[in-house]
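Working notes, structure below.
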Number of protein chains: 2
Amino acid sequence: MKMKNTASDNLKTREKILSAAVDVFVKHGFNNTTIREICQEAGVNVAAVNYHFGGKDNLYVAVCKHVLGLSGNVELRGFDIDQTAPPEEQLRLFIRSLLFAILDHKKPSHEGRIMAWEMVHPTGSLDTIIKDMIRPRHEQLCAIVGALLGPGADVPLIKSTVFSIVGQCIHYRHGRPVITQLHPKQKYDPDAIEKLAEHITRFSLGGIKALAREIEE
Amino acid sequence: MKMKNTASDNLKTREKILSAAVDVFVKHGFNNTTIREICQEAGVNVAAVNYHFGGKDNLYVAVCKHVLGLSGNVELRGFDIDQTAPPEEQLRLFIRSLLFAILDHKKPSHEGRIMAWEMVHPTGSLDTIIKDMIRPRHEQLCAIVGALLGPGADVPLIKSTVFSIVGQCIHYRHGRPVITQLHPKQKYDPDAIEKLAEHITRFSLGGIKALAREIEE
DNA sequence: ATAAGTTTAAAACAATTGTTTGAATTTTTC
DNA sequence: GAAAAATTCAAACAATTGTTTTAAACTTAT
């Protein structure tokens, strides 16, 4: 018979698949990933995915759960940002965290990369991923932006501003091929990401301040 | 024999295919478009694409050329923006044009939609598309942003700022599924796009002013 | 050690999709 | 109007890919 999945499972190939799947899904997204590529990277037979996970779709949600589990508890949470810092600094930290999560190759935040993919290539499990991965950050950034815009800002304005900030960051991930052609000197090492974060922060703070000023009038 | 392609070609099915292909490519992007879907929409046989265009790839570049040709001459050019207007106004017009090009469903600017797809899903003909569609706008926006930032701004700063602006706009197209969940009230009719453009313009002008201020110091 | 189970692996399956074939049909040309 | 060229169409092909099958190899329990 099949069905076991207790704690004492033979985790070797299951984990090998999971590990390889994280890499490949994160690299190519769900649609452009083949099971055969995952299995080759994992050094296992193609049938293993269906045996251990029951299909590509289920493997993907397993990857998402696994990736979520790695970065702390499964409860909703945003980036790890000092709540006591002034909102300007919190914005800086948020943008920095997001950029490193979606861009850095050395310390890859699979969570952020999956999130970035889902934003552009939603899968069947988009709802879950929004609930667990995207929305927490969204709320977190809304709070920061709300504090910066002041009490006069209504929710639509806050959200539009949040999308403006996130859009800038995401563009560096998904628009990379074009950016590379248009600005060949752009690098993506930690130092360059740091500078990118600084630029987006300054630009966004300026934008927010301008919006806040218009509210007061 | 085959090969004709003179001006007096039988344009009926060829044009039907081209027209349908524009719609479908624009809707789903290159990868998620099947020749069968195009042919069904065009009401022609599947083989017709290969007969008239020689394959999916060639059809796509034909679509790109066609779409470029529709919106003026094939020469490089950006959006139609009054060069004599103050740069603030030019920025507003640029953002407005870009948003309408990639978002509006009523007066669809296929050109802008193809451009938006290529930014996230580059195809084999990315180079051509960048040269003819993306770069002209990029240069145009660089000029506007350069004028706004002042003479102290170096090229990398200008480009980063341009990416910040374009990123905000593109996000509303490709991040739409997520934005819909996070901000269900967001509409995309011309009026809403107008408001979106106004917001992004104000936000960006604020960001640019802040950057310009930092340069002067 | 043997039997029952679990896991692995090669091959086959089925569905999708871009492409080609070859005959039938239409259009053009003389 | 007939021959030639061009076009259309149904069917088949070939490659990719997710999934299933079936038997062999391995593990575990008695």
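Every chain in the structure tokens takes a letter, A first, then B, and so on in the order presented; its residues are numbered from 1, and the ligands are numbered from 1 following the presented order.
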With 9 Å as the cut-off and only C-alpha atoms counted, what is the closest atom pair between each nearby residue of chain A and chain B? Distances in Å to one decimal, ordered by chain and number, as CSV.
```
residue,atom,partner,partner_atom,distance
A:Glu118,CA,B:Val178,CA,8.1
A:Met119,CA,B:Gly175,CA,5.2
A:Val120,CA,B:Gly175,CA,5.3
A:His121,CA,B:His174,CA,8.3
A:Pro122,CA,B:Pro177,CA,7.2
A:Leu126,CA,B:Val178,CA,8.3
A:Asp127,CA,B:Gln181,CA,8.5
A:Ile130,CA,B:Val178,CA,7.4
A:Ile134,CA,B:Val178,CA,8.5
A:Arg135,CA,B:Leu182,CA,7.2
A:His138,CA,B:Leu182,CA,8.0
A:Pro156,CA,B:His183,CA,7.9
A:Leu157,CA,B:His199,CA,8.4
A:Lys159,CA,B:His183,CA,7.2
A:Ser160,CA,B:His199,CA,7.6
A:Thr161,CA,B:Phe203,CA,7.7
A:Phe163,CA,B:Gln168,CA,7.1
A:Ser164,CA,B:Gln168,CA,4.8
A:Ile165,CA,B:Gln168,CA,7.2
A:Val166,CA,B:Gln168,CA,7.7
A:Gly167,CA,B:Gln168,CA,4.5
A:Gln168,CA,B:Gly167,CA,4.5
A:Cys169,CA,B:Gly167,CA,7.5
A:Ile170,CA,B:Gly167,CA,7.3
A:His171,CA,B:Gly167,CA,4.9
A:Tyr172,CA,B:Gly167,CA,7.9
A:Arg173,CA,B:Val120,CA,9.0
A:His174,CA,B:Val120,CA,5.3
A:Gly175,CA,B:Met119,CA,5.2
A:Arg176,CA,B:Val120,CA,7.9
A:Pro177,CA,B:Pro122,CA,7.2
A:Val178,CA,B:Met119,CA,5.8
A:Ile179,CA,B:Phe163,CA,8.0
A:Gln181,CA,B:Ile130,CA,8.1
A:Leu182,CA,B:Arg135,CA,7.2
A:His183,CA,B:Lys159,CA,7.2
A:Lys185,CA,B:Pro156,CA,8.4
A:Gln186,CA,B:Pro156,CA,8.4
A:Leu196,CA,B:Ser160,CA,8.0
A:His199,CA,B:Ser160,CA,7.6
A:Ile200,CA,B:Ser164,CA,7.2
A:Arg202,CA,B:Leu211,CA,6.9
A:Phe203,CA,B:Gly207,CA,4.0
A:Ser204,CA,B:Gly207,CA,5.7
A:Leu205,CA,B:Gly207,CA,6.7
A:Gly206,CA,B:Gly207,CA,4.0
A:Gly207,CA,B:Phe203,CA,4.0
A:Ile208,CA,B:Phe203,CA,6.4
A:Lys209,CA,B:Gly206,CA,7.0
A:Ala210,CA,B:Gly206,CA,4.9
A:Leu211,CA,B:Phe203,CA,6.5
```
Let me make sure I understand: if you superpose chain A onto chain B using all C-alpha atoms paired in order, what RMSD in Å results?
0.1 Å
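With only C-alpha atoms (C1' of nucleotides) as the atoms that count, the minimum distance from chain D to the choices B:Ala62, B:Val46, B:Ile35, B:Leu68 is reached by B:Val46.
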Select from range 13-217 of chain B everything DSSP, run on the backbone, classes as helix (DSSP H, G or I), then give the selection as a PyMOL selection string.
chain B and resi 13-28+35-42+47-53+56-70+87-103+110-120+126-149+155-174+176-182+190-216
Would you give me, as an mmCIF file with N, CA, C and O atoms (P, O5', C5', C4', C3', O3' and C1' of nucleotides), in the first residue's frame, the residues of chain C that come within 10 Å of chain A, using only C-alpha atoms (C1' of nucleotides)?
```cif
data_model
loop_
_atom_site.group_PDB
_atom_site.id
_atom_site.type_symbol
_atom_site.label_atom_id
_atom_site.label_comp_id
_atom_site.auth_asym_id
_atom_site.auth_seq_id
_atom_site.Cartn_x
_atom_site.Cartn_y
_atom_site.Cartn_z
ATOM 1 P P DG C 5 1.479 -6.371 3.704
ATOM 2 O "O5'" DG C 5 2.389 -5.088 3.459
ATOM 3 C "C5'" DG C 5 2.701 -4.231 4.564
ATOM 4 C "C4'" DG C 5 3.907 -3.379 4.203
ATOM 5 C "C3'" DG C 5 3.748 -2.538 2.942
ATOM 6 O "O3'" DG C 5 3.052 -1.299 3.163
ATOM 7 C "C1'" DG C 5 5.925 -3.535 3.079
ATOM 8 P P DT C 6 3.703 -0.095 3.966
ATOM 9 O "O5'" DT C 6 4.987 0.367 3.133
ATOM 10 C "C5'" DT C 6 6.159 0.700 3.879
ATOM 11 C "C4'" DT C 6 7.333 1.006 2.988
ATOM 12 C "C3'" DT C 6 7.191 2.231 2.065
ATOM 13 O "O3'" DT C 6 8.217 3.149 2.418
ATOM 14 C "C1'" DT C 6 8.149 0.401 0.919
ATOM 15 P P DT C 7 8.225 4.618 1.803
ATOM 16 O "O5'" DT C 7 9.249 4.437 0.597
ATOM 17 C "C5'" DT C 7 10.590 4.065 0.892
ATOM 18 C "C4'" DT C 7 11.330 3.705 -0.376
ATOM 19 C "C3'" DT C 7 11.400 4.806 -1.447
ATOM 20 O "O3'" DT C 7 12.759 5.145 -1.631
ATOM 21 C "C1'" DT C 7 10.927 2.690 -2.403
ATOM 22 P P DT C 8 13.156 6.317 -2.625
ATOM 23 O "O5'" DT C 8 13.492 5.487 -3.936
ATOM 24 C "C5'" DT C 8 14.619 4.623 -3.943
ATOM 25 C "C4'" DT C 8 14.705 3.883 -5.256
ATOM 26 C "C3'" DT C 8 14.870 4.764 -6.503
ATOM 27 O "O3'" DT C 8 16.085 4.414 -7.143
ATOM 28 C "C1'" DT C 8 13.212 3.084 -6.832
ATOM 29 P P DA C 9 16.709 5.344 -8.249
ATOM 30 O "O5'" DA C 9 16.234 4.610 -9.570
ATOM 31 C "C5'" DA C 9 16.501 3.219 -9.704
ATOM 32 C "C4'" DA C 9 15.876 2.689 -10.970
ATOM 33 C "C3'" DA C 9 15.912 3.672 -12.140
ATOM 34 O "O3'" DA C 9 16.340 2.995 -13.308
ATOM 35 C "C1'" DA C 9 13.697 2.937 -11.773
ATOM 36 P P DA C 10 17.028 3.777 -14.486
ATOM 37 O "O5'" DA C 10 16.305 3.113 -15.735
ATOM 38 C "C5'" DA C 10 16.189 1.693 -15.785
ATOM 39 C "C4'" DA C 10 15.002 1.294 -16.621
ATOM 40 C "C3'" DA C 10 14.878 2.038 -17.952
ATOM 41 O "O3'" DA C 10 14.696 1.086 -19.004
ATOM 42 C "C1'" DA C 10 12.836 2.189 -16.727
#
```
Show me, as a PyMOL selection string, the residues of chain D whose atoms get within 12 Å of chain B, using only C-alpha atoms (C1' of nucleotides) for the distance check.
chain D and resi 4-11
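CA of Gln140 in chain B lies 11.3 Å from CA of Pro87 in chain B.
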Exercise: range 18-20 of chain A partners within 8 Å, only C-alpha atoms (C1' of nucleotides), chain neighbours under 5 positions left out, as a PyMOL selection string
chain A and resi 38-39+41-42+59+62-63
Output file for the residues above (C-alpha atoms, as a PDB file, in the first residue's frame):
```
ATOM      1  CA  ILE A  38      14.022  19.012 -10.759  1.00  0.00           C
ATOM      2  CA  CYS A  39      14.646  15.283 -10.723  1.00  0.00           C
ATOM      3  CA  GLU A  41      19.145  18.189 -10.186  1.00  0.00           C
ATOM      4  CA  ALA A  42      18.023  16.004  -7.300  1.00  0.00           C
ATOM      5  CA  LEU A  59       5.120  19.640  -4.972  1.00  0.00           C
ATOM      6  CA  ALA A  62       4.920  21.694  -0.509  1.00  0.00           C
ATOM      7  CA  VAL A  63       7.787  23.919  -1.613  1.00  0.00           C
TER       8      VAL A  63
END
```
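Proximity to range 98-101 of chain B at 7 Å, evaluated using only C-alpha atoms (C1' of nucleotides) and with sequence-adjacent residues fewer than 6 positions away removed, yields Pro108, Ser109, Gly112, Arg113, Cys169, Ile193 and Ala197 of chain B.
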Written file, previous selection with N, CA, C and O atoms, as a PDB file, in the first residue's frame:
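Writing done, so here's selection-v7.pdb:
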```
ATOM      1  N   PRO B 108      -6.904  49.950 -27.036  1.00  0.00           N
ATOM      2  CA  PRO B 108      -5.698  49.210 -26.666  1.00  0.00           C
ATOM      3  C   PRO B 108      -4.489  49.627 -27.496  1.00  0.00           C
ATOM      4  O   PRO B 108      -4.526  49.631 -28.719  1.00  0.00           O
ATOM      5  N   SER B 109      -3.479  50.019 -26.828  1.00  0.00           N
ATOM      6  CA  SER B 109      -2.210  50.265 -27.507  1.00  0.00           C
ATOM      7  C   SER B 109      -1.424  48.968 -27.502  1.00  0.00           C
ATOM      8  O   SER B 109      -0.744  48.639 -26.544  1.00  0.00           O
ATOM      9  N   GLY B 112       2.225  49.166 -26.599  1.00  0.00           N
ATOM     10  CA  GLY B 112       2.600  49.253 -25.202  1.00  0.00           C
ATOM     11  C   GLY B 112       2.436  47.924 -24.486  1.00  0.00           C
ATOM     12  O   GLY B 112       3.249  47.562 -23.634  1.00  0.00           O
ATOM     13  N   ARG B 113       1.423  47.172 -24.881  1.00  0.00           N
ATOM     14  CA  ARG B 113       1.193  45.890 -24.224  1.00  0.00           C
ATOM     15  C   ARG B 113       2.292  44.894 -24.580  1.00  0.00           C
ATOM     16  O   ARG B 113       2.772  44.149 -23.728  1.00  0.00           O
ATOM     17  N   CYS B 169       4.716  51.820 -13.007  1.00  0.00           N
ATOM     18  CA  CYS B 169       3.672  51.631 -14.026  1.00  0.00           C
ATOM     19  C   CYS B 169       3.503  50.165 -14.394  1.00  0.00           C
ATOM     20  O   CYS B 169       2.398  49.621 -14.403  1.00  0.00           O
ATOM     21  N   ILE B 193      -7.439  55.104 -14.565  1.00  0.00           N
ATOM     22  CA  ILE B 193      -6.066  55.174 -15.056  1.00  0.00           C
ATOM     23  C   ILE B 193      -5.556  56.615 -14.959  1.00  0.00           C
ATOM     24  O   ILE B 193      -4.417  56.861 -14.575  1.00  0.00           O
ATOM     25  N   ALA B 197      -2.338  57.697 -12.970  1.00  0.00           N
ATOM     26  CA  ALA B 197      -1.260  58.470 -13.582  1.00  0.00           C
ATOM     27  C   ALA B 197      -0.940  59.695 -12.740  1.00  0.00           C
ATOM     28  O   ALA B 197       0.231  60.040 -12.524  1.00  0.00           O
TER      29      ALA B 197
END
```
Taking 3 positions as the minimum chain separation for residues in the same chain, which residues sit within 10 Å of DT20 in chain D when counting only C-alpha atoms (C1' of nucleotides)? Answer as an MDAnalysis selection string.
(chainID A and resid 47 50) or (chainID C and resid 12:14)
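CA of Val145 in chain A is found 10.8 Å from CA of Phe94 in chain A.
Take the candidates B:Val26, B:Ala21, B:Ala85, B:Leu148 and check each one against Ile102 in chain B using only C-alpha atoms; the shortest distance goes to B:Val26.
Within the 8 Å cut-off around Glu111 in chain B, using only C-alpha atoms (C1' of nucleotides) and omitting residues fewer than 4 positions from it on the same chain, the listed residues are B:Cys64, B:Val67, B:Leu68, B:Ser71, B:Ala101, B:Met115, B:Met133.
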Atoms to include: N, CA and C atoms. Write the selected residues as a compact mmCIF listing (two decimals), in the first residue's frame.
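To be explicit, this is the file written out as selection11.txt:
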```txt
# COMPACT_ATOMS: atom_id res chain seq x y z
N CYS B 64 4.98 42.09 -34.03
CA CYS B 64 5.69 43.24 -33.47
C CYS B 64 5.87 44.32 -34.54
N VAL B 67 2.54 45.91 -35.31
CA VAL B 67 2.10 46.77 -34.23
C VAL B 67 2.91 48.06 -34.22
N LEU B 68 4.18 47.94 -34.54
CA LEU B 68 5.02 49.14 -34.63
C LEU B 68 4.56 50.01 -35.79
N SER B 71 1.41 52.31 -35.34
CA SER B 71 1.44 53.53 -34.54
C SER B 71 2.43 54.54 -35.08
N ALA B 101 -1.16 52.97 -22.41
CA ALA B 101 -0.66 51.99 -23.38
C ALA B 101 -0.71 50.57 -22.83
N MET B 115 5.25 45.71 -25.43
CA MET B 115 6.42 46.22 -24.71
C MET B 115 6.40 45.74 -23.26
N MET B 133 11.12 49.49 -29.65
CA MET B 133 9.97 49.85 -28.83
C MET B 133 10.36 50.42 -27.49
```
